[in-house]
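K.L.:
So here's protein-v6.cif, just mmCIF, C-alpha atoms and all ligand atoms:
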data_target
loop_
_atom_site.label_atom_id
_atom_site.label_comp_id
_atom_site.auth_asym_id
_atom_site.auth_seq_id
_atom_site.Cartn_x
_atom_site.Cartn_y
_atom_site.Cartn_z
CA MET C 13 169.54 96.68 89.40
CA ILE C 14 172.04 95.30 91.89
CA VAL C 15 172.58 91.55 91.44
CA LEU C 16 174.16 89.34 94.10
CA ILE C 17 175.60 86.00 93.08
CA GLY C 18 177.61 83.34 94.87
CA PHE C 19 177.47 79.92 96.43
CA MET C 20 174.77 78.80 98.86
CA GLY C 21 175.36 80.31 102.27
CA CYS C 22 177.50 83.24 101.07
CA GLY C 23 174.96 85.77 102.38
CA LYS C 24 173.16 86.89 99.20
CA SER C 25 169.73 87.14 100.82
CA THR C 26 170.83 88.71 104.10
CA ILE C 27 173.02 91.29 102.40
CA GLY C 28 170.53 91.87 99.58
CA ARG C 29 167.79 92.62 102.06
CA SER C 30 170.04 94.98 103.96
CA ILE C 31 171.13 96.88 100.80
CA ALA C 32 167.50 97.19 99.69
CA LYS C 33 166.50 98.57 103.06
CA LYS C 34 169.26 101.18 103.05
CA LEU C 35 168.65 102.32 99.48
CA ASN C 36 164.90 101.95 99.66
CA TYR C 37 164.97 99.48 96.75
CA ARG C 38 162.77 96.45 96.26
CA PHE C 39 164.37 93.14 97.26
CA ILE C 40 163.84 90.02 95.18
CA ASP C 41 165.07 86.57 96.09
CA SER C 42 164.82 84.38 92.99
CA ASP C 43 164.36 81.17 95.02
CA LYS C 44 161.50 82.70 97.01
CA ALA C 45 159.90 84.08 93.84
CA ILE C 46 160.09 80.64 92.19
CA GLU C 47 158.67 78.96 95.31
CA GLU C 48 155.73 81.36 95.34
CA GLU C 49 155.11 81.04 91.61
CA LYS C 50 155.13 77.24 91.71
CA GLY C 51 153.52 76.83 95.14
CA MET C 52 156.31 74.42 96.15
CA SER C 53 159.52 74.71 98.12
CA ILE C 54 162.86 74.36 96.29
CA SER C 55 163.33 71.00 98.05
CA GLU C 56 159.93 69.81 96.82
CA ILE C 57 160.75 70.88 93.27
CA PHE C 58 164.06 68.96 93.39
CA ASP C 59 162.40 65.91 94.98
CA THR C 60 159.40 65.64 92.71
CA LYS C 61 160.66 67.08 89.40
CA GLY C 62 164.45 66.90 89.63
CA GLU C 63 167.29 69.38 89.28
CA GLU C 64 167.01 69.74 85.50
CA PHE C 65 163.43 70.89 85.83
CA PHE C 66 164.48 73.42 88.48
CA ARG C 67 167.21 74.77 86.17
CA ALA C 68 164.63 75.21 83.41
CA ILE C 69 162.35 77.17 85.75
CA GLU C 70 165.30 79.25 86.90
CA ARG C 71 166.17 79.94 83.29
CA GLU C 72 162.60 81.04 82.48
CA TYR C 73 162.67 83.22 85.55
CA VAL C 74 165.88 85.03 84.63
CA GLU C 75 164.69 85.57 81.07
CA LYS C 76 161.58 87.32 82.32
CA LEU C 77 163.46 89.82 84.46
CA SER C 78 163.75 93.32 83.13
CA SER C 79 166.51 95.74 84.05
CA GLU C 80 164.51 97.87 86.43
CA GLU C 81 166.46 100.41 88.42
CA LYS C 82 165.61 100.15 92.08
CA ILE C 83 165.86 96.44 92.65
CA VAL C 84 168.29 94.21 94.52
CA LEU C 85 168.21 90.65 93.23
CA ALA C 86 169.64 87.74 95.23
CA THR C 87 169.97 84.81 92.83
CA GLY C 88 169.87 81.11 93.63
CA GLY C 89 173.43 79.85 94.11
CA GLY C 90 173.53 77.90 90.85
CA MET C 91 171.75 80.39 88.64
CA PRO C 92 174.77 82.13 87.03
CA CYS C 93 176.43 78.80 86.29
CA TYR C 94 173.98 77.39 83.76
CA GLY C 95 173.66 78.25 80.06
CA ASP C 96 174.09 81.94 79.45
CA ASN C 97 172.31 83.01 82.66
CA GLY C 98 175.53 84.73 83.73
CA SER C 99 175.56 87.10 80.78
CA ILE C 100 171.81 87.73 81.10
CA LEU C 101 172.39 88.76 84.72
CA GLN C 102 175.19 91.06 83.63
CA ARG C 103 172.94 92.84 81.20
CA LEU C 104 170.45 93.42 84.00
CA GLY C 105 172.74 95.40 86.26
CA ASN C 106 175.76 95.56 88.47
CA VAL C 107 176.77 92.03 89.47
CA PHE C 108 178.56 91.33 92.77
CA TYR C 109 180.06 87.93 93.55
CA LEU C 110 180.19 87.23 97.28
CA LYS C 111 183.15 84.87 97.30
CA CYS C 112 183.47 82.54 100.29
CA SER C 113 185.78 79.63 101.02
CA PRO C 114 184.40 76.07 101.22
CA GLN C 115 185.18 76.03 104.96
CA THR C 116 183.10 79.16 105.65
CA ILE C 117 180.20 77.79 103.65
CA TYR C 118 180.45 74.43 105.39
CA GLU C 119 180.39 76.04 108.84
CA ARG C 120 177.27 78.00 107.91
CA LEU C 121 175.40 75.16 106.24
CA LYS C 122 176.48 72.03 108.09
CA ASP C 123 173.09 71.72 109.83
CA ASP C 124 170.96 73.14 107.02
CA THR C 125 168.27 70.90 105.54
CA THR C 126 166.84 73.25 102.90
CA ARG C 127 169.53 72.81 100.22
CA PRO C 128 168.84 69.59 98.30
CA LEU C 129 172.31 69.55 96.72
CA LEU C 130 173.87 69.35 100.16
CA MET C 131 171.70 66.56 101.55
CA CYS C 132 174.58 64.11 101.52
CA GLU C 133 177.12 62.41 103.77
CA ASP C 134 180.17 64.52 103.04
CA LYS C 135 178.91 68.07 102.72
CA LEU C 136 182.34 69.67 102.75
CA ALA C 137 183.52 67.53 99.82
CA VAL C 138 180.42 68.40 97.77
CA ILE C 139 180.84 72.10 98.56
CA GLN C 140 184.50 71.95 97.49
CA GLN C 141 183.66 70.11 94.31
CA LEU C 142 180.80 72.39 93.26
CA LEU C 143 182.72 75.52 94.12
CA THR C 144 185.69 74.41 92.04
CA MET C 145 183.36 73.77 89.12
CA ARG C 146 181.50 77.04 89.53
CA ASN C 147 184.06 79.62 90.60
CA GLU C 148 185.09 80.58 87.08
CA LYS C 149 181.45 81.10 86.07
CA TYR C 150 180.80 83.29 89.08
CA GLU C 151 183.90 85.35 88.36
CA SER C 152 183.11 85.84 84.72
CA ALA C 153 179.50 86.85 85.43
CA ALA C 154 180.60 89.40 88.04
CA ASN C 155 181.52 93.06 87.71
CA TYR C 156 182.95 92.89 91.23
CA VAL C 157 184.41 89.94 93.13
CA LEU C 158 184.22 90.53 96.89
CA GLU C 159 186.21 88.31 99.23
CA ALA C 160 183.42 87.83 101.74
CA ASP C 161 184.86 85.39 104.31
CA ASN C 162 186.06 87.98 106.78
CA LEU C 163 183.56 90.78 106.28
CA THR C 164 180.33 91.22 108.23
CA ALA C 165 176.97 91.65 106.51
CA ASP C 166 177.08 95.35 107.42
CA GLU C 167 180.53 95.79 105.93
CA LEU C 168 179.53 94.04 102.73
CA THR C 169 176.37 96.13 102.53
CA GLU C 170 178.42 99.35 102.79
CA LEU C 171 181.02 98.12 100.32
CA ILE C 172 178.43 97.29 97.68
CA ILE C 173 176.56 100.55 98.13
CA ASN C 174 179.84 102.47 97.81
CA LYS C 175 180.82 100.63 94.64
CA CYS C 176 177.42 101.42 93.14
CA HIS C 177 177.77 105.10 94.02
CA GLU C 178 181.28 105.24 92.51
CA LYS C 179 179.84 103.95 89.26
CA MET C 180 177.14 106.60 89.07
C1 LIG C 201 171.32 76.03 94.60
C2 LIG C 201 171.25 77.09 95.49
C3 LIG C 201 170.01 77.42 96.23
C4 LIG C 201 168.79 76.94 95.44
C5 LIG C 201 168.91 75.49 95.10
C6 LIG C 201 170.15 75.19 94.26
C7 LIG C 201 172.62 75.76 93.93
O1 LIG C 201 169.94 78.81 96.46
O2 LIG C 201 168.61 77.72 94.28
O3 LIG C 201 168.93 74.76 96.29
O4 LIG C 201 172.62 75.07 92.89
O5 LIG C 201 173.65 76.27 94.40
P1 LIG C 201 170.75 79.60 97.63
O6 LIG C 201 172.08 79.96 97.08
O7 LIG C 201 169.91 80.79 97.90
O8 LIG C 201 170.84 78.67 98.78
#
How does this structure look as structure tokens?
P.N.:
Amino acid sequence: MIVLIGFMGCGKSTIGRSIAKKLNYRFIDSDKAIEEEKGMSISEIFDTKGEEFFRAIEREYVEKLSSEEKIVLATGGGMPCYGDNGSILQRLGNVFYLKCSPQTIYERLKDDTTRPLLMCEDKLAVIQQLLTMRNEKYESAANYVLEADNLTADELTELIINKCHEKM
């Protein structure tokens, strides 16, 4: 399994989908899978049940995953940062951290309304704060840290596929 982790807006889903297409793997987006399972959007889950409830669902979800070969998993941005989710993800496969700067993330998400944690006045400050808190967790969960600010989705796709081939 190829696992993509990183902050909201770092490109996990776009790049994950593109890797899966090239390798003919199945693509799983944990947020989408949770939304389908619960019949609610992530925003609705946060609004009606709260973040703690979402983290518990996310935890259940990661525990149920098995280390199947031909899968690319894009995780929710917070998933590797809670409990021992990071080490569970590492046992499942090759973990890539798509590392972006707060500025890049802000530019991509400044008009987004689907991320409940960023529905606030000062988005950039919240991004900076969360990223500072989370960076170490992302790095320790990852087998590879990829500086993703200045690479296109195609370049990142190639890079990840090459790293996986080198390891085989
Ligand atoms: C979150 C990231 C989101 C989603 C939820 C919480 C986070 O996923 O799981 O809004 O805590 O960073 P994406 O990274 O796919 O946006």
K.L.:
Which of these, C:Lys122, C:Lys175, C:Lys34, C:Lys61, has the shortest distance to Ile83 (chain C) once you count all atoms listed in the file?
P.N.:
C:Lys34
K.L.:
With 7 Å as the threshold, what does the neighbourhood of (171.4, 70.3, 93.3) contain in terms of residues, counting all atoms listed in the file? Coordinates are those of the file; answer as a list of chain:residue names.
P.N.:
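The residues near that point, listed by chain and number, are C:Glu63, C:Pro128, C:Leu129.
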K.L.:
For Tyr37 (chain C), work out the shell of residues within 9 Å, counting only C-alpha atoms and skipping chain neighbours fewer than 5 positions away, then give it as a list in words.
P.N.:
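In the requested format, the answer is Ile31, Ala32, Glu81, Lys82, Ile83 and Val84 of chain C.
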K.L.:
Would you please work out which residue, of C:Ala153, C:Gly89, C:Leu158, C:Arg103, is nearest to Phe19 (chain C) when using only C-alpha atoms?
P.N.:
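Smallest distance to Phe19 (chain C) is found for C:Gly89.
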K.L.:
Calculated over all atoms listed in the file, which of the candidates C:Glu48, C:Glu70, C:Glu167, C:Glu159 has the smallest distance to ligand LIG 201 (chain C)?
P.N.:
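Going through C:Glu48, C:Glu70, C:Glu167, C:Glu159 one by one, the smallest distance to ligand LIG 201 (chain C) is for C:Glu70.
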K.L.:
Set the cut-off to 8 Å, count all atoms listed in the file, and list whatever residues fall near ligand LIG 201 (chain C) as a VMD selection string.
P.N.:
chain C and resid 18 to 22 24 to 25 41 to 43 54 to 55 86 to 91 126 to 129
K.L.:
Counting all atoms listed in the file, what is within 9 Å of Ala137 (chain C), bar same-chain residues fewer than 4 positions away, as a ChimeraX atom specification?
P.N.:
/C:114,141-142
K.L.:
Check the smallest atom-to-atom distance from each of C:Lys179, C:Asp124, C:Thr169, C:Gly95 to Gly28 (chain C) using only C-alpha atoms, then report the winner.
P.N.:
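Checking each of C:Lys179, C:Asp124, C:Thr169, C:Gly95 against Gly28 (chain C), counting only C-alpha atoms, the winner is C:Thr169.
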K.L.:
For Tyr150 (chain C), list every protein, DNA or RNA residue within 7 Å, evaluated using all atoms listed in the file, and leave out those in the same chain fewer than 2 positions away; present the list as a compact mmCIF listing (two decimals) with C-alpha atoms, in the frame of the given file.
P.N.:
# COMPACT_ATOMS: atom_id res chain seq x y z
CA GLY C 18 177.61 83.34 94.87
CA PRO C 92 174.77 82.13 87.03
CA CYS C 93 176.43 78.80 86.29
CA TYR C 109 180.06 87.93 93.55
CA ARG C 146 181.50 77.04 89.53
CA ASN C 147 184.06 79.62 90.60
CA GLU C 148 185.09 80.58 87.08
CA SER C 152 183.11 85.84 84.72
CA ALA C 153 179.50 86.85 85.43
CA ALA C 154 180.60 89.40 88.04
K.L.:
Could you tell me which of C:Leu16, C:Leu130, C:Ala45, C:Ile69 comes closest to Lys111 (chain C) if we count all atoms listed in the file?
P.N.:
C:Leu16
K.L.:
Could you tell me which of C:Tyr73, C:Phe39, C:Tyr156, C:Phe58 comes closest to Ile27 (chain C) if we count all atoms listed in the file?
P.N.:
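Distance minimum relative to Ile27 (chain C) lands on C:Phe39.
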K.L.:
What separation in Å, quoted to one decimal, exists between CA of Val107 (chain C) and CA of Arg71 (chain C)?
P.N.:
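So the two atoms, CA of Val107 (chain C) and CA of Arg71 (chain C), lie 17.2 Å apart.
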K.L.:
Could you please determine the separation between CA of Asn155 (chain C) and CA of Glu170 (chain C) in Å, to one decimal place?
P.N.:
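It comes out at 16.6 Å.
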K.L.:
Could you please determine the separation between CA of Thr26 (chain C) and CA of Glu133 (chain C) in Å, to one decimal place?
P.N.:
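Those two atoms sit 27.0 Å apart.
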K.L.:
Which residues, protein or nucleic acid, reach to within 8 Å of (172.7, 89.4, 108.1) in the file's coordinates when using all atoms listed in the file, and can you give that as number ranges by chain?
P.N.:
C: 23, 26-27, 30, 164-166
K.L.:
Hey, could you pull the box centre and edge lengths for region 124-135 of chain C, axis-aligned, 5 Å padding per side, all listed atoms, to one decimal in Å, as JSON?
P.N.:
{"center_x": 173.5, "center_y": 67.8, "center_z": 101.9, "size_x": 23.3, "size_y": 20.8, "size_z": 20.3}
